[in-house]
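**Student:** Quick one: structure below, then a few questions.
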Amino acid sequence: MFREAGPNLWELPKTGRMRVPGLLYASRPLVEGLDAKVREQLANVAALPGIVGAAYAMPDAHWGYGFPIGGVAAFDPDDGGIVSAGGVGFDISCGVRTYRTGVKEADLLDRLESLATDLYRSVPAGVGSEGALRLSRRELDEVLVHGARWAVGRGFGEESELAFVEERGRMRGADPTKVSDRAKERQLGEIGTLGSGNHYLELQVADRVYDERTARVFGLAEGDLLVTIHCGSRGLGHQIGTDYLKVLGAAGPRHGIVLPDRELACAPIRSVEGQDYLGAMRAAINCALANRQVVGHLVREAFARSLPEARLSLLYDVSHNTCKEETHVVAGASRRLFVHRKGATRAFGPGHPEVPERYRSAGQPVLVGGTMGTYSFVLAGTETAAARSFSSSCHGAGRQMSRMQAKRTWRGGALIEELGSRGILIKAHSASGAAEEAPGAYKDVEEVARVAEEAGLSSRVARLRPIACVKG
Amino acid sequence: MAAVAEHFEHGADVGVRGRGATPAEAFAGAAAALTSLWASDPGSIRPDVEETIRCEAGDLERLLVAFLDELIYLFAARRLLFARFDVEIRASPEGPARLVAKGRGERYDAARHESTVEPKGATLTALRVASERGGWVAQCVVDV
């Protein structure tokens, strides 16, 4: 059982095969609403070879595959550390990209409907949707190596934006030869598409600023209109997840790894299978970065038509489902570790060299996607998170109700009407899909953001209120 | 006993389950449950084209995941949906389990097939193929 170990901190003591303890950052209400599976999954992660420090769960944690969603774990290759497909998930590098627009909510006047309609029509979304681009296999390989840089080279956005994308828009170490033909085939028509499920495109207003100084550094002020994209690596990432669940599932036992849950499918970082997965997974990160770059360009074009005085500038682009090699100080020693973040955001603090120069005094922007009926948040990475969570924070509200239960509880049409009466315009490709994404199906995102701040994982900068949402 | 298709609860995603007199029928039911995520009314799928699906895996449970992954791939790459399946399974304790399924269906049409989510991959969560109450059950959670 979790033991209260401090304010907003719960410990799962080391027992049985656990090599390290589990640590959960949560308030009492969040712990009380926690899925029992999170505890079991955190204990399983803590038993994996080469894990360093602890197996962490962020305040928005919920039941995932192998690893909990909201799970963070770092592994040392020098200590037999592993890389796990279950530690990254199927939607590799699913993430959030937010643009400032240079206009205030008040400047929209009566143009919200036309702007939202334009966005709904110009960004392909929903089940089975295809983008305007149909890539050749050779060009797709370029995407997989160069990420958002490929997109900028094709005229989707500006070179200067890349500084505000994690990895400066290009994940190094990607190896397209480790990506199956099937994964590539699933992607040829999907670049520049939003997808479905919890993916969205949202117009938001910064309605509360918590930290004026950091907000100024991030270029944010109360009343600002922002636009946020939430999507991932699409079919390519999903197929890589599927392919490597099998490859790593078979590899583990060959390397003497006994798994408490087969979904943890993993191999030593220093093994052929581990390196193959890393090469493919990094290619999927590039695919996601390119995808959000292209979608961002489509959004910018829609703004140029419907709100021509707007000037979109990229605030930041974060990825939620990744495994990245990073330097962390553990017990006074600097170590190269492979940090899995599954439904968790990297949150480097002030001064970190990976934080764009413009924001370096303030820390990395941590973009937390909430629900279409509540809020999203802009947080900033903190120095304390380095020691508390390998510089990681929450990623969203976190589901608390299953999709089936949500569909039984809400009707899509009525929900869209109710949100409309509260000043939130919903453009949904599927009404029942909207019901599954009802705000009430998620945890209280304000509580999640507050806990992330009080636990020292990241600090609140601004709260974003949705005014229009395009659902995939 | 005809194949039965149903969904079951999972925190963030959705479980698909088939029941039948034989493993093959249970697999067909699980496939129908998966298909209904793309087309909530399976009756809206026209059985216009036939596709043969072949899979192999170390055991029956892995075979179910491979089969559902094959259907997810066929939708993602070719937008194919199936109204019905005739499934044959050969499994022995010594060798691998093999499946041949003949599916009849058509290409996805957003105007006629009401879908809510896009299945990304079959998972090993709640994965079970077993004989139960005189029949067979085949199930797992699908990431959507």
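Chain labels run A, B, ... following the order of the structure tokens; each chain numbers its residues from 1, and ligands are numbered from 1 in the order shown.
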Fewer than 4 positions away in the same chain doesn't count, so skip those; otherwise give me all residues within 12 Å of Pro260 of chain A, counting only C-alpha atoms, as a PyMOL selection string.

**Tutor:** chain A and resi 16-18+40-48+66-67+252-253+264-266

**Student:** Selected residues, N, CA and C atoms, written as a compact mmCIF listing (two decimals), in the first residue's frame, please.

**Tutor:**
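This went into out00.txt:
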# COMPACT_ATOMS: atom_id res chain seq x y z
N GLY A 16 9.46 -7.49 -1.92
CA GLY A 16 9.54 -8.55 -2.94
C GLY A 16 10.63 -8.28 -3.95
N ARG A 17 10.22 -8.28 -5.23
CA ARG A 17 11.23 -8.15 -6.30
C ARG A 17 11.52 -6.70 -6.68
N MET A 18 10.91 -5.77 -5.97
CA MET A 18 11.18 -4.35 -6.28
C MET A 18 12.64 -4.02 -5.97
N GLU A 40 0.00 -1.48 -8.56
CA GLU A 40 0.55 -2.74 -9.06
C GLU A 40 1.56 -2.48 -10.18
N GLN A 41 1.22 -1.59 -11.09
CA GLN A 41 2.10 -1.31 -12.22
C GLN A 41 3.37 -0.61 -11.77
N LEU A 42 3.25 0.29 -10.80
CA LEU A 42 4.42 1.00 -10.31
C LEU A 42 5.40 0.00 -9.63
N ALA A 43 4.84 -0.96 -8.89
CA ALA A 43 5.67 -1.98 -8.25
C ALA A 43 6.37 -2.83 -9.31
N ASN A 44 5.68 -3.14 -10.40
CA ASN A 44 6.28 -3.93 -11.47
C ASN A 44 7.44 -3.17 -12.13
N VAL A 45 7.23 -1.88 -12.38
CA VAL A 45 8.28 -1.06 -13.00
C VAL A 45 9.50 -1.01 -12.07
N ALA A 46 9.23 -0.92 -10.77
CA ALA A 46 10.32 -0.82 -9.79
C ALA A 46 11.17 -2.09 -9.75
N ALA A 47 10.65 -3.18 -10.34
CA ALA A 47 11.38 -4.45 -10.33
C ALA A 47 12.23 -4.64 -11.59
N LEU A 48 12.20 -3.69 -12.51
CA LEU A 48 12.94 -3.87 -13.78
C LEU A 48 14.44 -3.65 -13.58
N GLY A 66 1.50 -2.04 -18.87
CA GLY A 66 2.83 -2.25 -18.30
C GLY A 66 3.17 -1.13 -17.34
N PHE A 67 3.59 -0.01 -17.86
CA PHE A 67 3.81 1.18 -17.04
C PHE A 67 2.47 1.89 -16.85
N GLY A 252 13.34 -10.26 -23.98
CA GLY A 252 13.54 -10.23 -22.53
C GLY A 252 14.03 -11.56 -21.96
N PRO A 253 13.25 -12.65 -22.18
CA PRO A 253 13.67 -13.94 -21.62
C PRO A 253 15.05 -14.39 -22.13
N LEU A 264 5.28 -5.28 -20.07
CA LEU A 264 6.48 -4.48 -19.81
C LEU A 264 7.56 -4.73 -20.86
N ALA A 265 7.31 -5.66 -21.76
CA ALA A 265 8.22 -6.05 -22.84
C ALA A 265 9.44 -5.15 -22.97
N CYS A 266 10.61 -5.68 -22.63
CA CYS A 266 11.80 -4.85 -22.61
C CYS A 266 13.05 -5.67 -22.94

**Student:** Mind checking DSSP for segment 4-104 of chain B and telling me the alpha helix (DSSP H) residues as a compact mmCIF listing (two decimals) with C-alpha atoms, in the first residue's frame?

**Tutor:**
# COMPACT_ATOMS: atom_id res chain seq x y z
CA PRO B 23 -11.88 -20.66 -30.11
CA ALA B 24 -12.53 -19.76 -33.78
CA GLU B 25 -16.01 -18.44 -32.96
CA ALA B 26 -14.69 -16.51 -29.98
CA PHE B 27 -12.00 -14.97 -32.22
CA ALA B 28 -14.65 -13.97 -34.77
CA GLY B 29 -16.61 -12.34 -31.94
CA ALA B 30 -13.58 -10.40 -30.71
CA ALA B 31 -12.92 -9.24 -34.27
CA ALA B 32 -16.54 -8.08 -34.58
CA ALA B 33 -16.20 -6.18 -31.27
CA LEU B 34 -13.08 -4.47 -32.62
CA THR B 35 -14.82 -3.68 -35.92
CA SER B 36 -17.70 -2.00 -34.10
CA LEU B 37 -15.26 0.66 -32.87
CA TRP B 38 -14.90 1.79 -36.50
CA LEU B 60 -3.66 -18.91 -28.72
CA GLU B 61 -3.49 -15.67 -26.73
CA ARG B 62 -0.69 -14.23 -28.85
CA LEU B 63 -2.63 -15.42 -31.89
CA LEU B 64 -5.61 -13.29 -30.85
CA VAL B 65 -3.36 -10.21 -30.53
CA ALA B 66 -1.79 -10.96 -33.93
CA PHE B 67 -5.25 -11.34 -35.53
CA LEU B 68 -6.61 -8.09 -34.09
CA ASP B 69 -3.37 -6.28 -35.02
CA GLU B 70 -3.81 -7.57 -38.57
CA LEU B 71 -7.31 -6.05 -38.71
CA ILE B 72 -5.97 -2.75 -37.32
CA TYR B 73 -3.27 -2.77 -39.98
CA LEU B 74 -5.79 -3.50 -42.77
CA PHE B 75 -7.90 -0.58 -41.64
CA ALA B 76 -4.94 1.78 -41.25
CA ALA B 77 -3.26 0.91 -44.53
CA ARG B 78 -6.23 0.05 -46.74

**Student:** Could you build a table of the residues in chain A lying no more than 8 Å from chain B, giving for each the nearest pair of atoms and their separation in Å rounded to one decimal place, using only C-alpha atoms, ordered by chain and ascending residue number, as a Markdown table?

**Tutor:**
| residue | atom | partner | partner_atom | distance |
| --- | --- | --- | --- | --- |
| A:His62 | CA | B:Gly11 | CA | 7.4 |
| A:Trp63 | CA | B:Gly11 | CA | 6.1 |
| A:Gly64 | CA | B:Ala12 | CA | 7.6 |
| A:Tyr65 | CA | B:Thr125 | CA | 6.5 |
| A:Phe90 | CA | B:Lys120 | CA | 7.0 |
| A:Asp91 | CA | B:Lys120 | CA | 7.8 |
| A:Gly126 | CA | B:Val117 | CA | 7.9 |
| A:Val127 | CA | B:Glu118 | CA | 5.5 |
| A:Gly128 | CA | B:Arg79 | CA | 7.0 |
| A:Arg182 | CA | B:Tyr73 | CA | 7.6 |
| A:Glu185 | CA | B:Ala77 | CA | 6.1 |
| A:Arg186 | CA | B:Ala77 | CA | 5.0 |
| A:Gly195 | CA | B:Glu118 | CA | 7.8 |
| A:Ser196 | CA | B:Val117 | CA | 5.8 |
| A:Gly197 | CA | B:Val117 | CA | 5.1 |
| A:Gly235 | CA | B:Ala76 | CA | 6.9 |
| A:His238 | CA | B:Lys120 | CA | 5.4 |
| A:Gln239 | CA | B:Gly121 | CA | 7.2 |
| A:Gly241 | CA | B:Gly121 | CA | 7.7 |
| A:Thr242 | CA | B:Gly121 | CA | 6.1 |
| A:Arg262 | CA | B:Leu124 | CA | 7.1 |
| A:Glu263 | CA | B:Leu124 | CA | 5.8 |
| A:Arg399 | CA | B:Ala12 | CA | 6.2 |
| A:Gln400 | CA | B:Gly11 | CA | 6.8 |
| A:Met401 | CA | B:Gly11 | CA | 6.2 |
| A:Ser402 | CA | B:Gly11 | CA | 4.7 |
| A:Arg403 | CA | B:Asp13 | CA | 6.5 |
| A:Met404 | CA | B:Glu9 | CA | 6.4 |
| A:Gln405 | CA | B:Glu9 | CA | 7.7 |
| A:Ser430 | CA | B:Thr116 | CA | 5.7 |
| A:Ala431 | CA | B:Thr116 | CA | 7.7 |
| A:Ser432 | CA | B:Thr116 | CA | 5.9 |
| A:Gly433 | CA | B:Thr116 | CA | 4.4 |

**Student:** Just C-alpha atoms for this one: save the residues we selected as an mmCIF file, in the first residue's frame.

**Tutor:**
data_model
loop_
_atom_site.group_PDB
_atom_site.id
_atom_site.type_symbol
_atom_site.label_atom_id
_atom_site.label_comp_id
_atom_site.auth_asym_id
_atom_site.auth_seq_id
_atom_site.Cartn_x
_atom_site.Cartn_y
_atom_site.Cartn_z
ATOM 1 C CA HIS A 62 -3.803 6.218 -14.194
ATOM 2 C CA TRP A 63 -3.866 2.607 -15.406
ATOM 3 C CA GLY A 64 -1.752 2.076 -18.523
ATOM 4 C CA TYR A 65 -0.113 -0.898 -20.258
ATOM 5 C CA PHE A 90 1.652 3.042 -28.524
ATOM 6 C CA ASP A 91 1.219 6.711 -29.315
ATOM 7 C CA GLY A 126 -11.281 11.968 -37.194
ATOM 8 C CA VAL A 127 -11.131 8.245 -37.865
ATOM 9 C CA GLY A 128 -9.644 7.311 -41.225
ATOM 10 C CA ARG A 182 3.931 -1.823 -42.285
ATOM 11 C CA GLU A 185 2.748 2.148 -44.960
ATOM 12 C CA ARG A 186 0.405 3.298 -42.172
ATOM 13 C CA GLY A 195 -6.160 11.757 -35.364
ATOM 14 C CA SER A 196 -9.091 10.950 -33.074
ATOM 15 C CA GLY A 197 -9.818 9.958 -29.467
ATOM 16 C CA GLY A 235 -0.160 5.167 -37.515
ATOM 17 C CA HIS A 238 1.197 2.785 -33.252
ATOM 18 C CA GLN A 239 2.635 0.107 -35.520
ATOM 19 C CA GLY A 241 4.502 -0.061 -30.588
ATOM 20 C CA THR A 242 2.789 -3.197 -31.915
ATOM 21 C CA ARG A 262 4.331 -9.330 -20.220
ATOM 22 C CA GLU A 263 3.223 -5.845 -21.265
ATOM 23 C CA ARG A 399 -8.735 9.873 -17.096
ATOM 24 C CA GLN A 400 -10.814 8.731 -14.147
ATOM 25 C CA MET A 401 -13.742 7.165 -15.995
ATOM 26 C CA SER A 402 -13.717 4.557 -18.757
ATOM 27 C CA ARG A 403 -14.863 5.462 -22.267
ATOM 28 C CA MET A 404 -17.819 3.075 -21.996
ATOM 29 C CA GLN A 405 -18.973 4.630 -18.736
ATOM 30 C CA SER A 430 -17.848 12.327 -33.918
ATOM 31 C CA ALA A 431 -20.560 13.223 -31.370
ATOM 32 C CA SER A 432 -20.165 9.981 -29.425
ATOM 33 C CA GLY A 433 -16.398 10.516 -29.533
#

**Student:** Given the choices A:Leu108, A:Ala251, A:Ala174, A:Ala434, which gets closest to Ile467 of chain A if the distance is worked out from only C-alpha atoms?

**Tutor:**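 Of A:Leu108, A:Ala251, A:Ala174, A:Ala434, the one nearest Ile467 of chain A, counting only C-alpha atoms, is A:Leu108.
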
**Student:** Atom CA of His146 of chain A and atom CA of Arg172 of chain A, how far apart in Å?

**Tutor:**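 Rounded to one decimal, the two atoms are 8.3 Å apart.
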
**Student:** Might you pull out every residue within 10 Å of Tyr244 of chain A, with only C-alpha atoms counted and same-chain residues fewer than 2 positions away left off, and present them as a ChimeraX atom specification?

**Tutor:** /A:84-86,90,179-180,239-242,246-251,265-266,273-274,276-277,280-281

**Student:** Please, what distance in Å, to one decimal, runs between atom CA of Ala288 of chain A and atom CA of Glu167 of chain A?

**Tutor:**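 These atoms are spaced 12.3 Å apart.
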